[in-house]
Amino acid sequence: MALPSIRFERRLVPDRRLNSAVSISSILLGLGSTVPLFLVAGVDPVAAFQQVFSVFTTTQGVTEAVTRSIPIILIAVGLCLPFKMGFWNIGGEGQLFMGGVAATLMVLMFPDSPSIIIIPLMILFAFLAGGIWGVIPAFLKARLQVNEVLTTLMMNFIAILWVDFLVYGPWRDPQGYGFPLTVMFPLEARLPMIPGIRIHSGLLIAIASAILVYFVLSFSRWGYEIKVAGQSQSAAKYAGMSYILLTLLAMFLSGGFSGLAGMTLVSGIVMRLRHGISPGYGYTAIIVAWLARLNPIGALVAGLLFGGLLVSGDALQIGLGLAFSTVLVFQGLILLFVVGADVITQYRITVSLR
Amino acid sequence: MTAIDTAFAVSLLAHAIQAGTPLLLATVGEIYSERSGVLNLGLEGIMIMGALTAFLVSFRTGDIALAIVAAAIVGALLSLIHAFLSITLKANQIVSGLAISIFGLGVSGFLGRPLIGQIATKLQSTPIPLLQDIPVLGPILFSGDVLIYFSVIVSLVLWFVLFRTRFGLNIRSVGENPSMADSLGVNVDLTRYVCVLVGGALGGLGGAYLSIVYTPLWIEGMTAGRGWIAIALTIFAVWNPLGAILGAYLFGGVIALQFRLQAIGIGTETPQLLLMLPYFVTIGTLVLMSSATLRKRVGVPAALGNPYVRGE
């Protein structure tokens, strides 16, 4: 009897058009697969999807979506670097919180500084703090081969608890009626709005970061080294590159961009530090980076979409009384389809009868 | 030691075993998955879905046995998705596992919303006659519930299967050198599927323990990183179910200690620093183990995380 035999042949050159088609279909399939879940929970799927898409039809919705996408884009752009090396930074969330802490520290230390001084200080120290928080697991991995997925995750929990400690304890606003919040930032320490639209200037930082990382990865020697190191650690060593140094640098930058995301949140949106400044931007960014196939410009586009999805989550919560975690269902399903479909983008599959 | 000291130590250790049981179940399951070469980072999502399922079934039917079985089935089903993606579709196991975790946290939050604040039937403890009367040891080891006993027995059985049976040898060879195993006639894909499903079912049970014994309530995100800690414990255990028993109870001890310190008034003002303890201990453990395994090079399944493609 002839059995069909399936052969997997690794694609040497990625097919760009196929990749985009797969990403787009994954998003549609991921959204579509929630229908049974809505039915189980007794929610009318049509009403639910109306809420989801309503976001993209109003100026207010789009404005909100773009605003929510800023931290996602920043983190996802940074993630392209370590992910290309095969270093799994799941710690964007914690690096974001540490950036928020550092930015807030600047405001608390220099409350009366003019914008021209305090904003750059906040940006610089948020980047440094996130970067250092990212370098620790990189160091542990590079020197001791400690699993980075676990260390970066554990450090997320620690960073979030650290923020809670600060806002419940030493940084609590004495005039805040006991609420766990720091003082409100002075106007000078807030990111200005972009003239004409109701979006803060963190958007410009996010776009600039995406373009910068794109050029670094595509055209610089260092970007080339990262790609080689990702394909083969031994090849990188043979070519005389320091794998350790590359890892540390990639993770410093990735953590730094996440820290920057934290800065844009405290300085552009919340105007203070408090519990829960992020509903999981660090995790959403992982999906975005993967969906964009680690291309920073792709991350910019996918980030905007996922910002919209977060606003859809709010709409589902307010309009239909669903839990906000519905968004996680969308995100998880989309990622499942993307990663499953990678079999088509990574391998050429031939079925033959023998 | 005074009587009060003894009583304190006994209750602390009993709490350590309770806190360690969900970790033990999940860790032993993950060891099977990883021994066969499949890294399952979906454990956090699998555990939380197990927790939700057990609570939901217990709440609706009051049948605690059914609740436990249902949690195991849901855990296995969720891990089946991971198995299909990472074994059949040869997907990136890290990303697939993350997706399962995100999906599980999402679905449990979505479906669990009406259950918040509800009370369901709790699994009662089943002290073992005679043995429970042994001073000190009795109240610690033999006054627990069936899931505690089950978790220990299953760890012992799975240790035996892994290291003393033909099937166990197949599992280990599939995780070490799949192409060699394949050429010797071992069905690589099937072996991996079985191991991942066993792992998922045990992860679901671990989650069930949280919602029907340890904290008999439904709280969104109540696993609080235990799935990730269990993955770290597989490393601590050097992928050996017996090591998992030790690791899970040590960790349960850390959690129990954290509660005791809070109870006697340490860190009541700002409990956040104490709450960080398990995460710091996890990182510390990983660092210690990495240097130890680096030196000895034992345990780590060589093909862990790599999809198997015949002829590649």
# chains A, B, ... in the order shown; residues from 1 in each chain; ligands from 1
>>> interface_residues(of="chain B", to="chain A", cutoff="6 Å", atoms="only C-alpha atoms", output="ChimeraX atom specification")
/B:85,89,91,99,102-103,106-107,109-110,272,276,279,283,290
>>> residues_around(residues="region 34-39 of chain B", least_positions_apart="6", cutoff="7 Å", atoms="only C-alpha atoms", output="compact mmCIF listing (two decimals) with all heavy atoms, in the first residue's frame")
# COMPACT_ATOMS: atom_id res chain seq x y z
N GLN B 93 8.47 26.31 20.18
CA GLN B 93 7.82 25.88 21.42
C GLN B 93 7.68 27.00 22.44
O GLN B 93 6.73 27.03 23.21
CB GLN B 93 8.60 24.71 22.03
CG GLN B 93 8.55 23.48 21.15
CD GLN B 93 9.35 22.34 21.71
OE1 GLN B 93 9.81 22.37 22.85
NE2 GLN B 93 9.53 21.31 20.91
N ILE B 171 11.02 7.43 26.30
CA ILE B 171 10.79 8.86 26.52
C ILE B 171 12.12 9.59 26.57
O ILE B 171 12.33 10.61 25.89
CB ILE B 171 10.03 9.09 27.85
CG1 ILE B 171 8.61 8.54 27.77
CG2 ILE B 171 10.00 10.58 28.19
CD1 ILE B 171 7.87 8.62 29.09
N ARG B 172 13.05 9.03 27.35
CA ARG B 172 14.33 9.73 27.53
C ARG B 172 15.12 9.76 26.22
O ARG B 172 15.75 10.76 25.90
CB ARG B 172 15.13 9.06 28.64
CG ARG B 172 14.55 9.39 30.02
CD ARG B 172 15.36 8.77 31.15
NE ARG B 172 15.17 7.32 31.20
CZ ARG B 172 16.15 6.46 31.41
NH1 ARG B 172 17.37 6.89 31.56
NH2 ARG B 172 15.90 5.17 31.45
N VAL B 174 13.88 9.78 23.22
CA VAL B 174 13.22 10.73 22.31
C VAL B 174 13.62 12.16 22.67
O VAL B 174 13.76 13.02 21.81
CB VAL B 174 11.69 10.53 22.40
CG1 VAL B 174 10.96 11.75 21.90
CG2 VAL B 174 11.28 9.30 21.62
N GLY B 175 13.82 12.40 23.96
CA GLY B 175 14.21 13.74 24.39
C GLY B 175 15.70 14.00 24.21
O GLY B 175 16.12 15.15 24.15
N ARG B 192 6.02 11.80 22.31
CA ARG B 192 5.97 13.19 22.75
C ARG B 192 4.54 13.62 23.06
O ARG B 192 4.29 14.29 24.06
CB ARG B 192 6.60 14.10 21.69
CG ARG B 192 8.10 13.94 21.62
CD ARG B 192 8.75 14.95 20.70
NE ARG B 192 10.19 14.95 20.94
CZ ARG B 192 11.06 15.69 20.26
NH1 ARG B 192 10.62 16.50 19.31
NH2 ARG B 192 12.34 15.64 20.54
N CYS B 195 3.52 12.29 26.46
CA CYS B 195 4.16 13.00 27.57
C CYS B 195 3.57 14.40 27.76
O CYS B 195 3.35 14.84 28.90
CB CYS B 195 5.66 13.10 27.33
SG CYS B 195 6.46 11.52 27.53
N TRP B 239 15.16 17.37 36.27
CA TRP B 239 14.23 16.56 35.46
C TRP B 239 14.01 15.16 36.06
O TRP B 239 13.88 14.18 35.35
CB TRP B 239 14.75 16.46 34.01
CG TRP B 239 14.67 17.78 33.32
CD1 TRP B 239 13.63 18.27 32.60
CD2 TRP B 239 15.67 18.81 33.29
NE1 TRP B 239 13.91 19.53 32.15
CE2 TRP B 239 15.14 19.88 32.55
CE3 TRP B 239 16.95 18.94 33.84
CZ2 TRP B 239 15.86 21.07 32.32
CZ3 TRP B 239 17.65 20.11 33.62
CH2 TRP B 239 17.11 21.15 32.87
N PRO B 301 17.58 17.39 28.97
CA PRO B 301 17.33 16.63 27.75
C PRO B 301 17.93 17.36 26.55
O PRO B 301 17.63 18.53 26.33
CB PRO B 301 15.80 16.56 27.66
CG PRO B 301 15.32 16.87 29.05
CD PRO B 301 16.35 17.79 29.65
N ALA B 303 17.56 17.32 23.39
CA ALA B 303 16.73 17.81 22.28
C ALA B 303 15.61 18.73 22.78
O ALA B 303 14.67 19.01 22.04
CB ALA B 303 16.13 16.63 21.52
N LEU B 304 15.71 19.20 24.05
CA LEU B 304 14.64 20.01 24.61
C LEU B 304 14.41 21.27 23.77
O LEU B 304 15.34 22.03 23.51
CB LEU B 304 14.98 20.40 26.05
CG LEU B 304 13.94 21.23 26.79
CD1 LEU B 304 12.61 20.50 26.85
CD2 LEU B 304 14.41 21.58 28.18
N GLY B 305 13.17 21.45 23.34
CA GLY B 305 12.82 22.65 22.61
C GLY B 305 12.97 22.54 21.11
O GLY B 305 12.58 23.44 20.38
N ASN B 306 13.55 21.44 20.63
CA ASN B 306 13.76 21.31 19.18
C ASN B 306 12.70 20.41 18.55
O ASN B 306 12.54 19.28 18.96
CB ASN B 306 15.12 20.70 18.89
CG ASN B 306 16.24 21.53 19.45
OD1 ASN B 306 16.11 22.75 19.60
ND2 ASN B 306 17.32 20.87 19.82
>>> residues_around(residues="Trp159 (chain B)", least_positions_apart="5", cutoff="9 Å", atoms="only C-alpha atoms", output="number ranges by chain")
B: 154, 164, 168, 240-242
>>> closest_residue(among="B:Ser155, B:Gln262, B:Ser173, B:Gln124", to="Thr21 (chain B)", atoms="only C-alpha atoms")
B:Ser155
>>> residues_around(residues="Thr53 (chain B)", least_positions_apart="3", cutoff="8 Å", atoms="only C-alpha atoms", output="PyMOL selection string")
chain B and resi 49-50+56-57+67+70-71+74+208
>>> write_last_selection(atoms="N, CA, C and O atoms", output="PDB file, in the first residue's frame")
ATOM      1  N   MET B  49      -6.535  27.345  33.957  1.00  0.00           N
ATOM      2  CA  MET B  49      -7.743  26.732  33.398  1.00  0.00           C
ATOM      3  C   MET B  49      -8.193  25.543  34.248  1.00  0.00           C
ATOM      4  O   MET B  49      -9.390  25.289  34.408  1.00  0.00           O
ATOM      5  N   GLY B  50      -7.227  24.808  34.806  1.00  0.00           N
ATOM      6  CA  GLY B  50      -7.566  23.727  35.726  1.00  0.00           C
ATOM      7  C   GLY B  50      -8.256  24.277  36.965  1.00  0.00           C
ATOM      8  O   GLY B  50      -9.262  23.720  37.436  1.00  0.00           O
ATOM      9  N   LEU B  56     -15.554  25.695  38.789  1.00  0.00           N
ATOM     10  CA  LEU B  56     -16.827  25.786  38.073  1.00  0.00           C
ATOM     11  C   LEU B  56     -17.650  24.509  38.252  1.00  0.00           C
ATOM     12  O   LEU B  56     -18.843  24.559  38.575  1.00  0.00           O
ATOM     13  N   VAL B  57     -17.001  23.355  38.053  1.00  0.00           N
ATOM     14  CA  VAL B  57     -17.723  22.081  38.153  1.00  0.00           C
ATOM     15  C   VAL B  57     -18.175  21.845  39.592  1.00  0.00           C
ATOM     16  O   VAL B  57     -19.316  21.433  39.842  1.00  0.00           O
ATOM     17  N   ALA B  67     -15.127  17.371  39.606  1.00  0.00           N
ATOM     18  CA  ALA B  67     -14.398  18.622  39.423  1.00  0.00           C
ATOM     19  C   ALA B  67     -12.925  18.345  39.170  1.00  0.00           C
ATOM     20  O   ALA B  67     -12.302  18.952  38.288  1.00  0.00           O
ATOM     21  N   ALA B  70     -12.443  16.733  35.715  1.00  0.00           N
ATOM     22  CA  ALA B  70     -12.659  17.721  34.650  1.00  0.00           C
ATOM     23  C   ALA B  70     -11.447  18.632  34.500  1.00  0.00           C
ATOM     24  O   ALA B  70     -11.044  18.964  33.377  1.00  0.00           O
ATOM     25  N   ALA B  71     -10.848  19.005  35.629  1.00  0.00           N
ATOM     26  CA  ALA B  71      -9.679  19.892  35.571  1.00  0.00           C
ATOM     27  C   ALA B  71      -8.535  19.204  34.839  1.00  0.00           C
ATOM     28  O   ALA B  71      -7.825  19.823  34.036  1.00  0.00           O
ATOM     29  N   VAL B  74      -9.368  19.180  31.056  1.00  0.00           N
ATOM     30  CA  VAL B  74      -9.167  20.486  30.422  1.00  0.00           C
ATOM     31  C   VAL B  74      -7.681  20.787  30.288  1.00  0.00           C
ATOM     32  O   VAL B  74      -7.217  21.288  29.253  1.00  0.00           O
ATOM     33  N   ALA B 208      -6.350  22.791  39.905  1.00  0.00           N
ATOM     34  CA  ALA B 208      -7.551  22.428  40.661  1.00  0.00           C
ATOM     35  C   ALA B 208      -7.283  22.512  42.158  1.00  0.00           C
ATOM     36  O   ALA B 208      -8.116  22.980  42.931  1.00  0.00           O
TER      37      ALA B 208
END
>>> residues_around(residues="region 225-227 of chain A", least_positions_apart="6", cutoff="7 Å", atoms="only C-alpha atoms", output="PyMOL selection string")
chain A and resi 84-85+246
>>> residues_around(residues="region 112-120 of chain B", least_positions_apart="3", cutoff="6 Å", atoms="only C-alpha atoms", output="ChimeraX atom specification")
/B:58-59,108-109,218
>>> atom_distance(atom1="CA of Phe259 (chain B)", atom2="CA of Pro278 (chain B)")
11.5 Å
>>> closest_residue(among="B:Ser101, B:Gln18, B:Ser79, B:Asn177", to="Ser33 (chain B)", atoms="only C-alpha atoms")
B:Ser79
>>> select_by_dssp(residues="region 110-295 of chain A", states="alpha helix (DSSP H)", output="count of residues only")
120
>>> atom_distance(atom1="CA of Gln60 (chain A)", atom2="CA of Ala210 (chain A)")
24.6 Å
